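Okay, my_file-v5.pdb is below, PDB, C-alpha atoms:
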```pdb
ATOM      1  CA  MET Y   1     117.607  53.848  93.812
ATOM      2  CA  THR Y   2     119.230  50.862  95.569
ATOM      3  CA  THR Y   3     121.299  51.198  98.730
ATOM      4  CA  ASN Y   4     124.494  50.339  96.830
ATOM      5  CA  LYS Y   5     123.831  53.060  94.297
ATOM      6  CA  TRP Y   6     123.219  55.608  97.073
ATOM      7  CA  ILE Y   7     126.495  54.623  98.714
ATOM      8  CA  SER Y   8     128.378  54.870  95.402
ATOM      9  CA  LEU Y   9     126.902  58.306  94.730
ATOM     10  CA  TYR Y  10     127.805  59.511  98.231
ATOM     11  CA  LEU Y  11     131.378  58.263  97.925
ATOM     12  CA  ALA Y  12     131.790  59.925  94.531
ATOM     13  CA  GLN Y  13     130.552  63.255  95.894
ATOM     14  CA  LEU Y  14     132.816  62.940  98.948
ATOM     15  CA  LEU Y  15     135.841  62.211  96.744
ATOM     16  CA  SER Y  16     135.033  65.203  94.548
ATOM     17  CA  LEU Y  17     134.823  67.462  97.613
ATOM     18  CA  MET Y  18     138.129  66.165  98.955
ATOM     19  CA  LEU Y  19     139.873  66.763  95.650
ATOM     20  CA  SER Y  20     138.460  70.268  95.342
ATOM     21  CA  THR Y  21     139.705  71.347  98.777
ATOM     22  CA  ALA Y  22     142.965  69.421  99.088
ATOM     23  CA  PRO Y  23     145.991  71.653  98.585
ATOM     24  CA  ALA Y  24     148.393  70.917  95.771
ATOM     25  CA  THR Y  25     151.357  68.978  97.082
ATOM     26  CA  ALA Y  26     154.939  70.071  96.531
ATOM     27  CA  ALA Y  27     158.437  69.220  97.697
ATOM     28  CA  ASP Y  28     159.497  70.282 101.183
ATOM     29  CA  LEU Y  29     161.137  73.665 101.584
ATOM     30  CA  LEU Y  30     164.747  73.949 102.727
ATOM     31  CA  ASN Y  31     165.527  76.229 105.703
ATOM     32  CA  ARG Y  32     161.790  76.405 106.271
ATOM     33  CA  GLN Y  33     160.437  79.366 108.264
ATOM     34  CA  ASP Y  34     156.949  78.746 109.678
ATOM     35  CA  GLN Y  35     155.842  82.360 109.645
ATOM     36  CA  PRO Y  36     154.594  84.918 107.108
ATOM     37  CA  TRP Y  37     157.231  86.236 104.719
ATOM     38  CA  GLN Y  38     158.192  89.885 105.207
ATOM     39  CA  PRO Y  39     159.997  92.215 102.759
ATOM     40  CA  GLY Y  40     163.398  93.659 103.552
ATOM     41  CA  ALA Y  41     164.116  96.992 105.175
ATOM     42  CA  GLY Y  42     162.875 100.035 103.302
ATOM     43  CA  ALA Y  43     159.805  98.410 101.797
ATOM     44  CA  ILE Y  44     156.251  99.335 102.781
ATOM     45  CA  GLN Y  45     154.023  96.295 103.268
ATOM     46  CA  VAL Y  46     150.291  96.940 102.876
ATOM     47  CA  PRO Y  47     147.484  94.399 103.525
ATOM     48  CA  LEU Y  48     145.048  94.172 100.636
ATOM     49  CA  TRP Y  49     142.021  93.217 102.695
ATOM     50  CA  PRO Y  50     142.237  94.637 106.264
ATOM     51  CA  GLU Y  51     139.112  92.704 107.270
ATOM     52  CA  GLY Y  52     140.082  89.581 105.363
ATOM     53  CA  PRO Y  53     139.571  88.584 101.698
ATOM     54  CA  PRO Y  54     136.000  88.730 100.341
ATOM     55  CA  ALA Y  55     136.161  85.029  99.426
ATOM     56  CA  PRO Y  56     138.619  83.129 101.646
ATOM     57  CA  SER Y  57     140.433  80.303  99.880
ATOM     58  CA  PRO Y  58     139.249  76.809 100.931
ATOM     59  CA  PHE Y  59     142.818  75.534 101.183
ATOM     60  CA  LYS Y  60     144.076  75.219 104.722
ATOM     61  CA  GLY Y  61     147.609  75.736 106.007
ATOM     62  CA  ASN Y  62     149.800  78.326 107.690
ATOM     63  CA  GLU Y  63     152.037  80.583 105.638
ATOM     64  CA  ALA Y  64     155.668  79.503 105.496
ATOM     65  CA  TYR Y  65     158.675  80.123 103.296
ATOM     66  CA  GLY Y  66     162.034  78.587 102.498
ATOM     67  CA  ASN Y  67     164.385  77.682  99.670
ATOM     68  CA  GLU Y  68     163.450  75.498  96.723
ATOM     69  CA  ASP Y  69     165.563  72.361  96.320
ATOM     70  CA  LYS Y  70     167.347  73.690  93.213
ATOM     71  CA  GLN Y  71     169.229  76.754  92.074
ATOM     72  CA  ILE Y  72     168.847  79.365  89.334
ATOM     73  CA  ALA Y  73     172.012  81.031  87.987
ATOM     74  CA  GLY Y  74     173.989  79.300  90.727
ATOM     75  CA  ARG Y  75     171.901  80.661  93.606
ATOM     76  CA  PRO Y  76     168.964  79.336  95.646
ATOM     77  CA  PHE Y  77     165.604  81.074  95.607
ATOM     78  CA  THR Y  78     162.797  81.497  98.107
ATOM     79  CA  MET Y  79     159.291  80.092  97.815
ATOM     80  CA  ILE Y  80     156.244  81.050  99.890
ATOM     81  CA  GLU Y  81     153.377  78.625 100.490
ATOM     82  CA  HIS Y  82     149.878  78.852 101.983
ATOM     83  CA  VAL Y  83     149.212  82.581 101.646
ATOM     84  CA  SER Y  84     145.782  83.440 103.054
ATOM     85  CA  ARG Y  85     146.407  87.100 103.994
ATOM     86  CA  PRO Y  86     147.690  88.732 100.802
ATOM     87  CA  THR Y  87     149.814  91.864 100.876
ATOM     88  CA  MET Y  88     151.686  94.161  98.531
ATOM     89  CA  SER Y  89     155.222  95.336  99.282
ATOM     90  CA  ILE Y  90     156.136  98.741  97.877
ATOM     91  CA  PHE Y  91     159.740  99.494  96.931
ATOM     92  CA  ARG Y  92     160.138 103.179  96.135
ATOM     93  CA  ALA Y  93     162.127 104.297  93.099
ATOM     94  CA  LYS Y  94     165.750 105.074  93.906
ATOM     95  CA  ASP Y  95     166.317 108.792  94.494
ATOM     96  CA  ASN Y  96     168.996 109.202  91.842
ATOM     97  CA  GLY Y  97     167.471 111.966  89.767
ATOM     98  CA  ASN Y  98     165.768 109.707  87.236
ATOM     99  CA  SER Y  99     162.408 109.054  88.906
ATOM    100  CA  THR Y 100     159.729 108.573  86.256
ATOM    101  CA  GLY Y 101     156.577 108.414  88.381
ATOM    102  CA  ALA Y 102     155.859 105.035  86.816
ATOM    103  CA  THR Y 103     155.038 101.944  88.874
ATOM    104  CA  VAL Y 104     155.137  98.218  88.095
ATOM    105  CA  LEU Y 105     153.024  95.715  90.037
ATOM    106  CA  VAL Y 106     154.867  92.366  89.977
ATOM    107  CA  PHE Y 107     153.198  88.930  90.046
ATOM    108  CA  PRO Y 108     155.677  86.176  91.018
ATOM    109  CA  GLY Y 109     155.170  82.757  89.463
ATOM    110  CA  GLY Y 110     154.813  79.392  91.139
ATOM    111  CA  GLY Y 111     152.051  77.539  89.300
ATOM    112  CA  TYR Y 112     149.332  79.092  91.503
ATOM    113  CA  ARG Y 113     150.678  76.768  94.206
ATOM    114  CA  ARG Y 114     153.594  78.763  95.627
ATOM    115  CA  LEU Y 115     155.261  82.122  95.040
ATOM    116  CA  ALA Y 116     158.873  82.568  93.843
ATOM    117  CA  ILE Y 117     159.026  85.706  95.929
ATOM    118  CA  ASP Y 118     162.651  86.745  95.344
ATOM    119  CA  LEU Y 119     163.513  85.225  91.948
ATOM    120  CA  GLU Y 120     160.381  86.673  90.323
ATOM    121  CA  GLY Y 121     159.551  89.347  92.874
ATOM    122  CA  THR Y 122     161.975  91.354  95.002
ATOM    123  CA  GLU Y 123     164.883  90.869  92.580
ATOM    124  CA  VAL Y 124     162.707  92.389  89.853
ATOM    125  CA  CYS Y 125     162.346  95.425  92.105
ATOM    126  CA  ASP Y 126     166.122  95.745  92.422
ATOM    127  CA  TRP Y 127     166.203  96.214  88.640
ATOM    128  CA  LEU Y 128     163.190  98.522  88.330
ATOM    129  CA  THR Y 129     163.820 100.858  91.253
ATOM    130  CA  ALA Y 130     167.329 101.559  89.937
ATOM    131  CA  LYS Y 131     165.635 102.756  86.713
ATOM    132  CA  GLY Y 132     163.445 105.277  88.550
ATOM    133  CA  ILE Y 133     160.371 103.025  88.654
ATOM    134  CA  THR Y 134     158.475 102.246  91.857
ATOM    135  CA  CYS Y 135     158.066  98.484  92.165
ATOM    136  CA  VAL Y 136     155.325  96.611  94.041
ATOM    137  CA  VAL Y 137     155.478  92.865  94.755
ATOM    138  CA  LEU Y 138     152.116  91.172  95.171
ATOM    139  CA  LYS Y 139     151.996  88.338  97.686
ATOM    140  CA  TYR Y 140     148.744  86.856  96.411
ATOM    141  CA  ARG Y 141     146.775  83.917  97.757
ATOM    142  CA  VAL Y 142     148.053  80.409  97.048
ATOM    143  CA  PRO Y 143     147.514  77.537  96.468
ATOM    144  CA  GLY Y 144     144.659  77.045  94.033
ATOM    145  CA  SER Y 145     144.076  80.751  93.367
ATOM    146  CA  GLY Y 146     144.110  80.296  89.586
ATOM    147  CA  PRO Y 147     144.331  77.408  87.090
ATOM    148  CA  TYR Y 148     146.733  74.828  88.515
ATOM    149  CA  TRP Y 149     147.830  71.242  88.079
ATOM    150  CA  SER Y 150     146.594  69.045  90.913
ATOM    151  CA  GLU Y 151     148.762  66.076  91.800
ATOM    152  CA  GLU Y 152     145.859  64.560  93.738
ATOM    153  CA  CYS Y 153     143.812  63.910  90.608
ATOM    154  CA  ASN Y 154     146.631  64.347  88.055
ATOM    155  CA  CYS Y 155     144.473  66.896  86.302
ATOM    156  CA  ARG Y 156     144.114  70.623  85.708
ATOM    157  CA  ARG Y 157     141.757  72.460  88.048
ATOM    158  CA  ILE Y 158     140.193  75.909  87.823
ATOM    159  CA  PRO Y 159     138.898  77.498  91.049
ATOM    160  CA  ALA Y 160     135.295  78.680  91.059
ATOM    161  CA  THR Y 161     136.472  81.987  92.568
ATOM    162  CA  PRO Y 162     139.393  83.851  90.900
ATOM    163  CA  TYR Y 163     141.285  84.558  94.124
ATOM    164  CA  ALA Y 164     144.515  85.693  92.448
ATOM    165  CA  LEU Y 165     142.652  88.049  90.111
ATOM    166  CA  GLN Y 166     140.789  89.529  93.073
ATOM    167  CA  ASP Y 167     144.090  90.239  94.802
ATOM    168  CA  ALA Y 168     145.616  91.751  91.659
ATOM    169  CA  GLN Y 169     142.644  94.032  91.004
ATOM    170  CA  ARG Y 170     142.512  95.145  94.625
ATOM    171  CA  ALA Y 171     146.234  95.955  94.613
ATOM    172  CA  MET Y 172     145.831  98.039  91.448
ATOM    173  CA  ALA Y 173     142.892  99.934  92.973
ATOM    174  CA  LEU Y 174     144.827 100.671  96.171
ATOM    175  CA  LEU Y 175     147.862 101.910  94.235
ATOM    176  CA  ARG Y 176     145.747 104.361  92.262
ATOM    177  CA  ALA Y 177     143.755 105.487  95.302
ATOM    178  CA  ARG Y 178     146.883 106.178  97.371
ATOM    179  CA  ALA Y 179     149.101 107.381  94.524
ATOM    180  CA  PRO Y 180     149.695 110.876  96.039
ATOM    181  CA  GLU Y 181     150.786 109.300  99.332
ATOM    182  CA  TRP Y 182     153.358 107.092  97.580
ATOM    183  CA  GLY Y 183     154.465 109.669  95.008
ATOM    184  CA  ILE Y 184     153.416 107.711  91.922
ATOM    185  CA  ASP Y 185     151.473 108.541  88.771
ATOM    186  CA  PRO Y 186     148.087 106.754  88.860
ATOM    187  CA  HIS Y 187     148.021 106.740  85.057
ATOM    188  CA  ARG Y 188     151.395 105.025  84.655
ATOM    189  CA  ILE Y 189     150.934 101.764  86.566
ATOM    190  CA  GLY Y 190     151.812  98.563  84.748
ATOM    191  CA  VAL Y 191     151.989  94.878  85.590
ATOM    192  CA  LEU Y 192     154.764  92.322  85.107
ATOM    193  CA  GLY Y 193     154.321  88.608  85.759
ATOM    194  CA  PHE Y 194     156.197  85.348  85.347
ATOM    195  CA  SER Y 195     154.723  81.940  84.445
ATOM    196  CA  ALA Y 196     151.443  81.745  86.422
ATOM    197  CA  GLY Y 197     152.054  85.433  87.118
ATOM    198  CA  GLY Y 198     152.168  85.912  83.345
ATOM    199  CA  HIS Y 199     148.686  84.424  83.188
ATOM    200  CA  MET Y 200     147.649  86.967  85.836
ATOM    201  CA  VAL Y 201     148.983  89.704  83.549
ATOM    202  CA  ALA Y 202     146.597  88.514  80.834
ATOM    203  CA  ASP Y 203     143.769  88.136  83.342
ATOM    204  CA  ILE Y 204     143.907  91.647  84.788
ATOM    205  CA  SER Y 205     144.628  93.211  81.372
ATOM    206  CA  ASN Y 206     141.462  91.819  79.813
ATOM    207  CA  HIS Y 207     138.888  92.039  82.604
ATOM    208  CA  ASP Y 208     136.473  94.947  82.356
ATOM    209  CA  GLN Y 209     134.564  94.008  85.496
ATOM    210  CA  ARG Y 210     135.893  93.785  89.032
ATOM    211  CA  SER Y 211     135.937  90.188  90.290
ATOM    212  CA  TYR Y 212     134.673  91.082  93.775
ATOM    213  CA  ARG Y 213     132.091  93.392  95.315
ATOM    214  CA  PRO Y 214     133.579  96.875  95.917
ATOM    215  CA  LEU Y 215     134.552  97.424  99.542
ATOM    216  CA  ASP Y 216     135.462 101.106  99.834
ATOM    217  CA  ASP Y 217     136.342 104.256  97.901
ATOM    218  CA  ALA Y 218     139.564 102.673  96.614
ATOM    219  CA  ASP Y 219     137.483 100.262  94.569
ATOM    220  CA  ARG Y 220     136.118 103.148  92.541
ATOM    221  CA  GLN Y 221     139.515 103.252  90.858
ATOM    222  CA  GLY Y 222     140.119 101.390  87.614
ATOM    223  CA  SER Y 223     141.728  97.969  87.935
ATOM    224  CA  ARG Y 224     143.118  97.614  84.405
ATOM    225  CA  PRO Y 225     146.883  98.324  84.098
ATOM    226  CA  ASP Y 226     148.323 101.012  81.807
ATOM    227  CA  PHE Y 227     150.918  98.624  80.334
ATOM    228  CA  ALA Y 228     151.782  94.960  80.741
ATOM    229  CA  ILE Y 229     154.748  92.575  80.505
ATOM    230  CA  ALA Y 230     154.229  88.794  80.490
ATOM    231  CA  VAL Y 231     157.366  86.659  80.892
ATOM    232  CA  TYR Y 232     157.100  82.956  79.946
ATOM    233  CA  PRO Y 233     153.335  83.013  80.674
ATOM    234  CA  GLY Y 234     151.262  79.851  81.097
ATOM    235  CA  HIS Y 235     147.589  78.739  81.056
ATOM    236  CA  LEU Y 236     146.876  80.608  77.801
ATOM    237  CA  TRP Y 237     147.121  77.929  75.099
ATOM    238  CA  GLN Y 238     144.772  75.053  74.433
ATOM    239  CA  GLY Y 239     145.719  72.383  71.898
ATOM    240  CA  PRO Y 240     145.612  71.031  69.359
ATOM    241  CA  GLY Y 241     147.122  73.653  67.100
ATOM    242  CA  LEU Y 242     147.399  77.298  68.081
ATOM    243  CA  LYS Y 243     144.182  77.936  69.990
ATOM    244  CA  LEU Y 244     143.731  80.459  72.773
ATOM    245  CA  ASN Y 245     142.280  78.993  75.939
ATOM    246  CA  PRO Y 246     138.552  79.877  75.698
ATOM    247  CA  ALA Y 247     138.613  81.074  79.326
ATOM    248  CA  VAL Y 248     140.846  83.976  78.201
ATOM    249  CA  LYS Y 249     138.686  86.741  76.754
ATOM    250  CA  ILE Y 250     140.558  89.479  74.895
ATOM    251  CA  ALA Y 251     139.488  93.092  75.470
ATOM    252  CA  ARG Y 252     140.079  95.607  72.705
ATOM    253  CA  ASN Y 253     141.132  98.152  75.315
ATOM    254  CA  ALA Y 254     143.794  95.876  76.814
ATOM    255  CA  PRO Y 255     146.996  97.842  77.512
ATOM    256  CA  PRO Y 256     150.189  97.838  75.402
ATOM    257  CA  THR Y 257     151.842  94.485  76.080
ATOM    258  CA  LEU Y 258     155.288  92.933  75.838
ATOM    259  CA  ILE Y 259     155.714  89.135  75.863
ATOM    260  CA  VAL Y 260     159.067  87.438  76.556
ATOM    261  CA  ALA Y 261     159.682  83.682  76.365
ATOM    262  CA  ALA Y 262     162.103  80.946  75.277
ATOM    263  CA  SER Y 263     161.382  78.401  72.546
ATOM    264  CA  ASP Y 264     162.727  75.541  74.651
ATOM    265  CA  ASP Y 265     160.646  76.251  77.766
ATOM    266  CA  PRO Y 266     159.799  72.775  79.163
ATOM    267  CA  VAL Y 267     157.165  74.055  81.616
ATOM    268  CA  ASP Y 268     155.101  76.690  79.795
ATOM    269  CA  ASP Y 269     155.214  75.778  76.118
ATOM    270  CA  ILE Y 270     156.040  78.636  73.760
ATOM    271  CA  ARG Y 271     152.537  78.247  72.311
ATOM    272  CA  HIS Y 272     151.095  79.935  75.421
ATOM    273  CA  SER Y 273     152.962  83.077  74.410
ATOM    274  CA  LEU Y 274     152.235  82.699  70.709
ATOM    275  CA  VAL Y 275     148.458  82.377  71.021
ATOM    276  CA  TYR Y 276     148.272  85.349  73.356
ATOM    277  CA  TYR Y 277     150.366  87.458  70.993
ATOM    278  CA  LEU Y 278     148.163  86.526  68.018
ATOM    279  CA  ALA Y 279     144.957  87.183  69.971
ATOM    280  CA  LEU Y 280     146.112  90.654  71.027
ATOM    281  CA  GLN Y 281     147.248  91.407  67.496
ATOM    282  CA  ARG Y 282     143.864  90.417  66.077
ATOM    283  CA  ALA Y 283     142.204  92.741  68.593
ATOM    284  CA  LYS Y 284     144.551  95.529  67.433
ATOM    285  CA  VAL Y 285     146.100  95.848  70.892
ATOM    286  CA  PRO Y 286     149.693  97.183  70.680
ATOM    287  CA  VAL Y 287     151.798  94.082  71.373
ATOM    288  CA  ALA Y 288     155.451  93.156  70.989
ATOM    289  CA  MET Y 289     157.061  89.769  71.565
ATOM    290  CA  HIS Y 290     160.615  88.501  71.842
ATOM    291  CA  VAL Y 291     161.312  84.773  71.700
ATOM    292  CA  TYR Y 292     164.746  83.389  72.567
ATOM    293  CA  ALA Y 293     165.935  80.160  70.969
ATOM    294  CA  HIS Y 294     167.213  78.936  74.328
ATOM    295  CA  GLY Y 295     166.545  79.907  77.905
ATOM    296  CA  GLY Y 296     164.157  77.385  79.378
ATOM    297  CA  HIS Y 297     161.901  78.438  82.234
ATOM    298  CA  ALA Y 298     162.132  80.504  85.433
ATOM    299  CA  PHE Y 299     165.210  82.585  84.612
ATOM    300  CA  GLY Y 300     163.783  85.673  86.332
ATOM    301  CA  VAL Y 301     166.113  88.666  86.111
ATOM    302  CA  ARG Y 302     169.312  86.911  87.189
ATOM    303  CA  ARG Y 303     172.103  87.727  84.730
ATOM    304  CA  THR Y 304     174.310  84.995  83.281
ATOM    305  CA  ALA Y 305     176.251  84.622  80.023
ATOM    306  CA  ALA Y 306     173.015  83.394  78.390
ATOM    307  CA  ILE Y 307     171.477  86.039  76.141
ATOM    308  CA  ASN Y 308     167.927  85.450  77.392
ATOM    309  CA  THR Y 309     168.890  86.779  80.839
ATOM    310  CA  HIS Y 310     169.373  90.195  79.236
ATOM    311  CA  TRP Y 311     165.669  90.491  78.377
ATOM    312  CA  THR Y 312     165.400  93.384  80.822
ATOM    313  CA  ASP Y 313     167.348  95.560  78.354
ATOM    314  CA  LEU Y 314     164.618  94.939  75.775
ATOM    315  CA  ALA Y 315     161.939  95.657  78.358
ATOM    316  CA  GLU Y 316     163.544  99.005  79.190
ATOM    317  CA  GLN Y 317     163.665  99.956  75.512
ATOM    318  CA  TRP Y 318     160.030  98.937  75.093
ATOM    319  CA  MET Y 319     158.909 100.941  78.136
ATOM    320  CA  GLN Y 320     160.845 103.909  76.762
ATOM    321  CA  SER Y 321     159.084 103.522  73.407
ATOM    322  CA  ILE Y 322     155.593 103.688  74.950
ATOM    323  CA  GLY Y 323     156.430 106.655  77.182
ATOM    324  CA  VAL Y 324     156.581 104.856  80.533
ATOM    325  CA  LEU Y 325     160.091 106.122  81.285
ATOM    326  CA  GLN Y 326     159.366 109.642  80.119
ATOM    327  CA  PRO Y 327     157.696 111.782  82.802
ATOM    328  CA  GLY Y 328     154.740 113.737  81.485
ATOM    329  CA  VAL Y 329     154.243 111.526  78.410
ATOM    330  CA  ALA Y 330     150.934 109.649  78.373
ATOM    331  CA  VAL Y 331     151.040 105.892  77.822
ATOM    332  CA  PRO Y 332     149.124 105.184  74.564
TER     333      PRO Y 332
END
```

Could the structure of this file be written out as structure tokens, please?
Amino acid sequence: MTTNKWISLYLAQLLSLMLSTAPATAADLLNRQDQPWQPGAGAIQVPLWPEGPPAPSPFKGNEAYGNEDKQIAGRPFTMIEHVSRPTMSIFRAKDNGNSTGATVLVFPGGGYRRLAIDLEGTEVCDWLTAKGITCVVLKYRVPGSGPYWSEECNCRRIPATPYALQDAQRAMALLRARAPEWGIDPHRIGVLGFSAGGHMVADISNHDQRSYRPLDDADRQGSRPDFAIAVYPGHLWQGPGLKLNPAVKIARNAPPTLIVAASDDPVDDIRHSLVYYLALQRAKVPVAMHVYAHGGHAFGVRRTAAINTHWTDLAEQWMQSIGVLQPGVAVP
């Protein structure tokens, strides 16, 4: 091989390495706080990996948070970036006589680049805890912890290690292992995710094997949820036509699932929801879906006059129908 060819090959490999480790870029945060995000008073924050994650993300940067440069339902929302030490924040069900023993593990969205920690995280817990459901917000590793769009190469990238899935499975194992301590039913733990978090819902629902080597007794617990809710999920559809992304493998023992989306979503096309619904239906997994004509993307649980912001009413009815809100009734 000539010297020029060796140099060209070296440069190509160097460029590939740079692209694979460069973090996804994003707009600057407003009111930026250069420190790890912490939940509000009353929540219990638990580290997932006390000795550090089994496969540290290659992306470098210190955790920070601040407001996105736009508003949802007339209010700003908080984004977290550069999470390398994932945690889960536990919000106990309100003690108002209607505790169900059920728990929901929440995956905020953010394109696997950031985390919409209040809009699609803590605000979800305000809704669920008032209904007698313990709510857990997962602060999982970002960026590049799942399929994401890289502005460096203007292309879609898939990490070799499923960091976000590892965090989700570990959180589920810890919740089941420490269920007596937190007063929850280990057989009534579901997941709820938005956008990229909706993809995580599909990921954890359909994985039979743990995505990391077991660390302790907690990892003897099952990591599949007992029920699942995916709200405007992404990374599930592959065109042309209605084709499920081949990276998504459907398990026949996936949990009962509810899918919520809007037809006019400009970020995660409605076909992501449609192909996942059809795939679960073909596998005979109990699945329900509600599609709103209008609603767009990233509406979270913030109520407005728009009908799509009342999707939580449907979710409550669905959880009631599968026994989640009825203590002592097994989830099918």

Review point. Counting all atoms listed in the file, which residues come within 8 Å of (154.8, 87.8, 75.7), with the point read in the file's coordinates, and could you list them as a PyMOL selection string?
Key: chain Y and resi 229-233+257-261+273-274+276-277+288-290

Review point. Hey, what comes out of the PyMOL selection byres ((chain Y and resi 79-88) around 9) on this file? Could you write it as JSON, numbers by chain?
Key: {"Y": [23, 29, 36, 37, 44, 45, 46, 47, 48, 49, 50, 52, 53, 56, 57, 59, 60, 61, 62, 63, 64, 65, 66, 67, 68, 77, 78, 89, 90, 105, 110, 113, 114, 115, 116, 117, 118, 119, 136, 137, 138, 139, 140, 141, 142, 143, 167, 171]}

Spatial neighbours of region 195-209 of chain Y, max dist 7 Å, all atoms listed in the file, sep filter under 3 positions, as a CSV table (one decimal) with C-alpha atoms, in the frame of the given file:
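And here's result.csv as it stands now:
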```csv
chain,number,residue,atom,x,y,z
Y,107,PHE,CA,153.2,88.9,90.0
Y,108,PRO,CA,155.7,86.2,91.0
Y,109,GLY,CA,155.2,82.8,89.5
Y,110,GLY,CA,154.8,79.4,91.1
Y,111,GLY,CA,152.1,77.5,89.3
Y,112,TYR,CA,149.3,79.1,91.5
Y,165,LEU,CA,142.7,88.0,90.1
Y,169,GLN,CA,142.6,94.0,91.0
Y,191,VAL,CA,152.0,94.9,85.6
Y,192,LEU,CA,154.8,92.3,85.1
Y,224,ARG,CA,143.1,97.6,84.4
Y,225,PRO,CA,146.9,98.3,84.1
Y,228,ALA,CA,151.8,95.0,80.7
Y,230,ALA,CA,154.2,88.8,80.5
Y,231,VAL,CA,157.4,86.7,80.9
Y,232,TYR,CA,157.1,83.0,79.9
Y,233,PRO,CA,153.3,83.0,80.7
Y,234,GLY,CA,151.3,79.9,81.1
Y,235,HIS,CA,147.6,78.7,81.1
Y,236,LEU,CA,146.9,80.6,77.8
Y,249,LYS,CA,138.7,86.7,76.8
Y,250,ILE,CA,140.6,89.5,74.9
Y,251,ALA,CA,139.5,93.1,75.5
Y,254,ALA,CA,143.8,95.9,76.8
Y,255,PRO,CA,147.0,97.8,77.5
```

Review point. How far is it from CA of Trp149 (chain Y) to CA of Tyr163 (chain Y), in Å with one decimal?
Key: 16.0 Å

Exercise for review: Output the residue selection produced by the PyMOL selection byres ((chain Y and resi 101) around 12) on the file above, formatted as a ChimeraX atom specification.
Suggested key: /Y:92-95,97-100,102-104,128-129,131-135,179-180,182-190,323-330

Point to revise | Counting all atoms listed in the file, the option among Y:Tyr212, Y:Phe91, Y:Phe299, Y:Phe227 closest to Met319 (chain Y) | key: Y:Phe227
